[in-house]
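To start, the structure itself, in structure tokens.
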Amino acid sequence: MPTSRAPGSESPAQSGVGERVVETSSEAETRSLGRSVGEGLHPGAVVALIGDLGAGKTIFAKGVAEGLGCSDEASSPTFALVHVYEGSVRVYHIDFYRLSGPDEVESLGFRDYLDGRGVLVVEWADRAPDSLPPDRLEVRFQRTGDESRRITVRPLRGR
Ligand SMILES: Nc1ncnc2c1ncn2[C@@H]1O[C@H](COP(=O)(O)OP(=O)(O)OP(=O)(O)O)[C@@H](O)[C@H]1O
Ligand SMILES: [Mg+2]
């Protein structure tokens with residue numbers, strides 16, 4: 001099981017309200033964390049994944065889809081950068097990595113996925129943060145070793 005500690009137990013000044021920091025030591029643990037996060041999401045939720053190449057964003061996203069009852073991946077007819085999963089809730093899994101920035105994100109019809117009926121999971125969300133709704137779950141991935149990752153889950157609220 002992933003080990004969890006109280007947020008900010010090492011650096012209280014940096015912890016935010018509702019923030020959770022989890023250390024995982026395998027791909028399976030990261031996937032399982034994604035699954036437990038997914039289980040608590042409702043249609044319209046947006047999950048912004050931020051972290052370097054190979055940090056674990058895709059593994060986590062697959063866990064989120066599993067947590068929402070998705071087993072198979074369906075492909076998207078309209079937007080090649082989107083994977084659509086059908087579960088108890090539809091999941092749109094989008095990767096901003098190859099996009100140059102907000103203009104390209106908008107021009108590719110990204111807003112269609114903010115329909116409030118599915119859960120949206122975005123990799124490389126920091127490429128176009130302002131294209132995302134202000135109310136979202138931000139998940140940051142830090143590589144702390146070959147198989148260890150520090151994952152910070154933080155609810156953001158619009159003002
Ligand atoms: N604790 C861990 N959590 C997640 N992945 C891990 C962990 N330890 C090792 N790995 C490995 O790290 C890789 C993570 O790959 P993944 O595709 O999820 O990264 P990513 O953040 O989506 O990268 P990219 O930015 O290229 O899309 C996998 O090869 C996985 O096996
Ligand atoms: Mg990825």
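Convention: chains lettered A, B, ... in structure tokens order; per-chain residue numbering from 1; ligands numbered from 1 as shown.
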
Set the cut-off to 7 Å, count only C-alpha atoms and all ligand atoms, and list whatever residues fall near ligand 2 as a list in words.
Gly54, Gly56, Lys57, Thr58 and Glu123 of chain A

Could you write out the selected residues, including C-alpha atoms, as a compact mmCIF listing (two decimals), in the first residue's frame?
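Heads up, here's the output in again_14.txt:
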# COMPACT_ATOMS: atom_id res chain seq x y z
CA GLY A 54 8.03 9.14 -17.05
CA GLY A 56 3.72 8.33 -13.71
CA LYS A 57 0.92 10.55 -15.08
CA THR A 58 -0.41 7.98 -17.56
CA GLU A 123 -1.59 15.19 -18.70

Identify, counting only C-alpha atoms and all ligand atoms, the protein, DNA and RNA residues located within 9 Å of ligand 1, and give them as a PDB file with N, CA and C atoms, in the first residue's frame.
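Okay, out.pdb is ready:
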ATOM      1  N   GLU A  23       3.679   8.892  -0.975  1.00  0.00           N
ATOM      2  CA  GLU A  23       4.889   8.353  -1.593  1.00  0.00           C
ATOM      3  C   GLU A  23       4.533   6.967  -2.129  1.00  0.00           C
ATOM      4  N   THR A  24       4.796   6.726  -3.406  1.00  0.00           N
ATOM      5  CA  THR A  24       4.576   5.379  -3.930  1.00  0.00           C
ATOM      6  C   THR A  24       5.928   4.778  -4.305  1.00  0.00           C
ATOM      7  N   SER A  25       6.000   3.459  -4.263  1.00  0.00           N
ATOM      8  CA  SER A  25       7.276   2.818  -4.568  1.00  0.00           C
ATOM      9  C   SER A  25       7.175   1.805  -5.702  1.00  0.00           C
ATOM     10  N   SER A  26       6.076   1.874  -6.458  1.00  0.00           N
ATOM     11  CA  SER A  26       5.942   1.021  -7.647  1.00  0.00           C
ATOM     12  C   SER A  26       4.855   1.593  -8.542  1.00  0.00           C
ATOM     13  N   GLU A  27       4.898   1.146  -9.800  1.00  0.00           N
ATOM     14  CA  GLU A  27       3.845   1.514 -10.743  1.00  0.00           C
ATOM     15  C   GLU A  27       2.472   1.085 -10.204  1.00  0.00           C
ATOM     16  N   ALA A  28       2.418  -0.102  -9.640  1.00  0.00           N
ATOM     17  CA  ALA A  28       1.133  -0.619  -9.141  1.00  0.00           C
ATOM     18  C   ALA A  28       0.579   0.270  -8.028  1.00  0.00           C
ATOM     19  N   GLU A  29       1.446   0.794  -7.183  1.00  0.00           N
ATOM     20  CA  GLU A  29       0.965   1.665  -6.103  1.00  0.00           C
ATOM     21  C   GLU A  29       0.434   2.984  -6.651  1.00  0.00           C
ATOM     22  N   THR A  30       1.092   3.501  -7.688  1.00  0.00           N
ATOM     23  CA  THR A  30       0.608   4.759  -8.289  1.00  0.00           C
ATOM     24  C   THR A  30      -0.745   4.532  -8.954  1.00  0.00           C
ATOM     25  N   ARG A  31      -0.873   3.392  -9.615  1.00  0.00           N
ATOM     26  CA  ARG A  31      -2.144   3.064 -10.263  1.00  0.00           C
ATOM     27  C   ARG A  31      -3.250   2.926  -9.222  1.00  0.00           C
ATOM     28  N   LEU A  49      -2.839  16.744 -14.300  1.00  0.00           N
ATOM     29  CA  LEU A  49      -1.635  15.983 -13.940  1.00  0.00           C
ATOM     30  C   LEU A  49      -0.392  16.746 -14.406  1.00  0.00           C
ATOM     31  N   ILE A  50       0.555  16.927 -13.484  1.00  0.00           N
ATOM     32  CA  ILE A  50       1.743  17.727 -13.766  1.00  0.00           C
ATOM     33  C   ILE A  50       2.979  16.969 -13.281  1.00  0.00           C
ATOM     34  N   GLY A  51       3.955  16.829 -14.173  1.00  0.00           N
ATOM     35  CA  GLY A  51       5.184  16.142 -13.778  1.00  0.00           C
ATOM     36  C   GLY A  51       6.010  15.807 -15.006  1.00  0.00           C
ATOM     37  N   ASP A  52       7.272  15.479 -14.791  1.00  0.00           N
ATOM     38  CA  ASP A  52       8.201  15.237 -15.895  1.00  0.00           C
ATOM     39  C   ASP A  52       7.846  13.975 -16.681  1.00  0.00           C
ATOM     40  N   LEU A  53       8.545  13.795 -17.794  1.00  0.00           N
ATOM     41  CA  LEU A  53       8.432  12.576 -18.600  1.00  0.00           C
ATOM     42  C   LEU A  53       8.689  11.362 -17.705  1.00  0.00           C
ATOM     43  N   GLY A  54       7.829  10.371 -17.809  1.00  0.00           N
ATOM     44  CA  GLY A  54       8.028   9.142 -17.047  1.00  0.00           C
ATOM     45  C   GLY A  54       7.739   9.255 -15.557  1.00  0.00           C
ATOM     46  N   ALA A  55       7.084  10.330 -15.169  1.00  0.00           N
ATOM     47  CA  ALA A  55       6.824  10.534 -13.737  1.00  0.00           C
ATOM     48  C   ALA A  55       5.696   9.640 -13.229  1.00  0.00           C
ATOM     49  N   GLY A  56       4.811   9.212 -14.136  1.00  0.00           N
ATOM     50  CA  GLY A  56       3.720   8.328 -13.707  1.00  0.00           C
ATOM     51  C   GLY A  56       2.325   8.858 -14.000  1.00  0.00           C
ATOM     52  N   LYS A  57       2.219   9.915 -14.808  1.00  0.00           N
ATOM     53  CA  LYS A  57       0.921  10.547 -15.077  1.00  0.00           C
ATOM     54  C   LYS A  57      -0.040   9.589 -15.789  1.00  0.00           C
ATOM     55  N   THR A  58       0.477   8.881 -16.806  1.00  0.00           N
ATOM     56  CA  THR A  58      -0.410   7.985 -17.563  1.00  0.00           C
ATOM     57  C   THR A  58      -0.854   6.812 -16.705  1.00  0.00           C
ATOM     58  N   ILE A  59       0.078   6.270 -15.929  1.00  0.00           N
ATOM     59  CA  ILE A  59      -0.265   5.156 -15.026  1.00  0.00           C
ATOM     60  C   ILE A  59      -1.375   5.597 -14.070  1.00  0.00           C
ATOM     61  N   PHE A  60      -1.220   6.771 -13.498  1.00  0.00           N
ATOM     62  CA  PHE A  60      -2.205   7.313 -12.561  1.00  0.00           C
ATOM     63  C   PHE A  60      -3.554   7.506 -13.270  1.00  0.00           C
ATOM     64  N   ALA A  61      -3.523   8.050 -14.490  1.00  0.00           N
ATOM     65  CA  ALA A  61      -4.765   8.290 -15.248  1.00  0.00           C
ATOM     66  C   ALA A  61      -5.508   6.984 -15.502  1.00  0.00           C
ATOM     67  N   LYS A  62      -4.771   5.930 -15.803  1.00  0.00           N
ATOM     68  CA  LYS A  62      -5.423   4.623 -16.015  1.00  0.00           C
ATOM     69  C   LYS A  62      -6.096   4.162 -14.726  1.00  0.00           C
ATOM     70  N   ASP A  95      -3.838  14.512 -23.429  1.00  0.00           N
ATOM     71  CA  ASP A  95      -2.427  14.815 -23.188  1.00  0.00           C
ATOM     72  C   ASP A  95      -2.062  16.109 -23.914  1.00  0.00           C
ATOM     73  N   TYR A  97       0.887  17.354 -24.044  1.00  0.00           N
ATOM     74  CA  TYR A  97       2.343  17.414 -24.262  1.00  0.00           C
ATOM     75  C   TYR A  97       2.744  17.964 -25.628  1.00  0.00           C
ATOM     76  N   GLU A 123      -3.034  15.278 -18.945  1.00  0.00           N
ATOM     77  CA  GLU A 123      -1.586  15.188 -18.704  1.00  0.00           C
ATOM     78  C   GLU A 123      -0.913  16.455 -19.226  1.00  0.00           C
ATOM     79  N   TRP A 124       0.166  16.834 -18.615  1.00  0.00           N
ATOM     80  CA  TRP A 124       0.892  18.061 -18.971  1.00  0.00           C
ATOM     81  C   TRP A 124      -0.043  19.271 -18.891  1.00  0.00           C
ATOM     82  N   PHE A 141       3.601  15.131  -9.706  1.00  0.00           N
ATOM     83  CA  PHE A 141       4.427  13.925  -9.606  1.00  0.00           C
ATOM     84  C   PHE A 141       5.886  14.317  -9.559  1.00  0.00           C
ATOM     85  N   ARG A 143       9.708  12.525  -9.233  1.00  0.00           N
ATOM     86  CA  ARG A 143      10.485  11.299  -9.206  1.00  0.00           C
ATOM     87  C   ARG A 143      11.487  11.416  -8.069  1.00  0.00           C
ATOM     88  N   THR A 144      11.443  10.474  -7.128  1.00  0.00           N
ATOM     89  CA  THR A 144      12.369  10.532  -6.001  1.00  0.00           C
ATOM     90  C   THR A 144      13.340   9.357  -6.029  1.00  0.00           C
ATOM     91  N   GLY A 145      13.227   8.500  -7.047  1.00  0.00           N
ATOM     92  CA  GLY A 145      14.118   7.356  -7.200  1.00  0.00           C
ATOM     93  C   GLY A 145      13.647   6.569  -8.407  1.00  0.00           C
ATOM     94  N   ASP A 146      14.340   5.479  -8.740  1.00  0.00           N
ATOM     95  CA  ASP A 146      13.954   4.683  -9.910  1.00  0.00           C
ATOM     96  C   ASP A 146      12.482   4.310  -9.860  1.00  0.00           C
ATOM     97  N   GLU A 147      12.052   3.825  -8.713  1.00  0.00           N
ATOM     98  CA  GLU A 147      10.676   3.350  -8.602  1.00  0.00           C
ATOM     99  C   GLU A 147       9.884   4.097  -7.543  1.00  0.00           C
ATOM    100  N   SER A 148      10.393   5.208  -7.100  1.00  0.00           N
ATOM    101  CA  SER A 148       9.641   5.944  -6.084  1.00  0.00           C
ATOM    102  C   SER A 148       9.206   7.308  -6.624  1.00  0.00           C
ATOM    103  N   ARG A 149       8.013   7.690  -6.238  1.00  0.00           N
ATOM    104  CA  ARG A 149       7.435   8.960  -6.675  1.00  0.00           C
ATOM    105  C   ARG A 149       6.760   9.631  -5.487  1.00  0.00           C
ATOM    106  N   ARG A 150       6.892  10.945  -5.414  1.00  0.00           N
ATOM    107  CA  ARG A 150       6.120  11.720  -4.432  1.00  0.00           C
ATOM    108  C   ARG A 150       4.975  12.365  -5.197  1.00  0.00           C
ATOM    109  N   ILE A 151       3.760  12.061  -4.767  1.00  0.00           N
ATOM    110  CA  ILE A 151       2.574  12.510  -5.498  1.00  0.00           C
ATOM    111  C   ILE A 151       1.749  13.409  -4.581  1.00  0.00           C
TER     112      ILE A 151
END

For Glu66 (chain A), find every residue with an atom within 9 Å (counting only C-alpha atoms), except residues of its own chain fewer than 4 positions away, and show them as a list in words.
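Counting only the stated atoms, we get Arg31, Gly34, Arg35, Gly38, Glu39, Ala61, Lys62, Cys70, Ser71 and Gly87 of chain A.
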
Can you list, as number ranges by chain, every protein, DNA or RNA residue that comes within 12 Å of Gly116 (chain A) when you count only C-alpha atoms, leaving out same-chain residues fewer than 4 positions away?
A: 42-46, 89-92, 111-112, 120, 133

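Distances to Ala125 (chain A) were evaluated for A:Gly109, A:Asp103, A:Val47, A:Leu68 using only C-alpha atoms, and the minimum falls at A:Val47.
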
Between CA of Ile94 (chain A) and CA of Val119 (chain A), what distance in Å does the model show, to one decimal?
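CA of Ile94 (chain A) sits 10.9 Å away from CA of Val119 (chain A).
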
As a PDB file with C-alpha atoms, in the first residue's frame, please: the residues near Arg98 (chain A) (cut-off 10 Å, only C-alpha atoms, same-chain neighbours under 4 positions excluded).
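As written to disk, part-v8.pdb reads:
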ATOM      1  CA  LEU A  81      -5.015  13.284 -28.441  1.00  0.00           C
ATOM      2  CA  GLU A 104      -3.623  25.172 -29.931  1.00  0.00           C
ATOM      3  CA  VAL A 105      -5.532  23.609 -27.040  1.00  0.00           C
ATOM      4  CA  TRP A 124       0.892  18.061 -18.971  1.00  0.00           C
ATOM      5  CA  ARG A 127       1.083  23.595 -20.760  1.00  0.00           C
TER       6      ARG A 127
END

Best match for closeness to Leu99 (chain A) among A:Ser32, A:Val22, A:Ala65, A:Ala128, counting only C-alpha atoms
A:Ala128

So what do you get for CA of Ser131 (chain A) versus CA of Phe110 (chain A), distance-wise?
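We find that CA of Ser131 (chain A) and CA of Phe110 (chain A) lie 8.6 Å from each other.
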
Could you state the separation of CA of Val21 (chain A) and CA of Arg154 (chain A) in Å, given to one decimal place?
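Between these atoms lies a distance of 8.7 Å.
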
Using only C-alpha atoms, pick whichever of A:Leu156, A:Ala74, A:Val84, A:Val17 has the shortest atom-to-atom distance to Pro129 (chain A).
A:Leu156
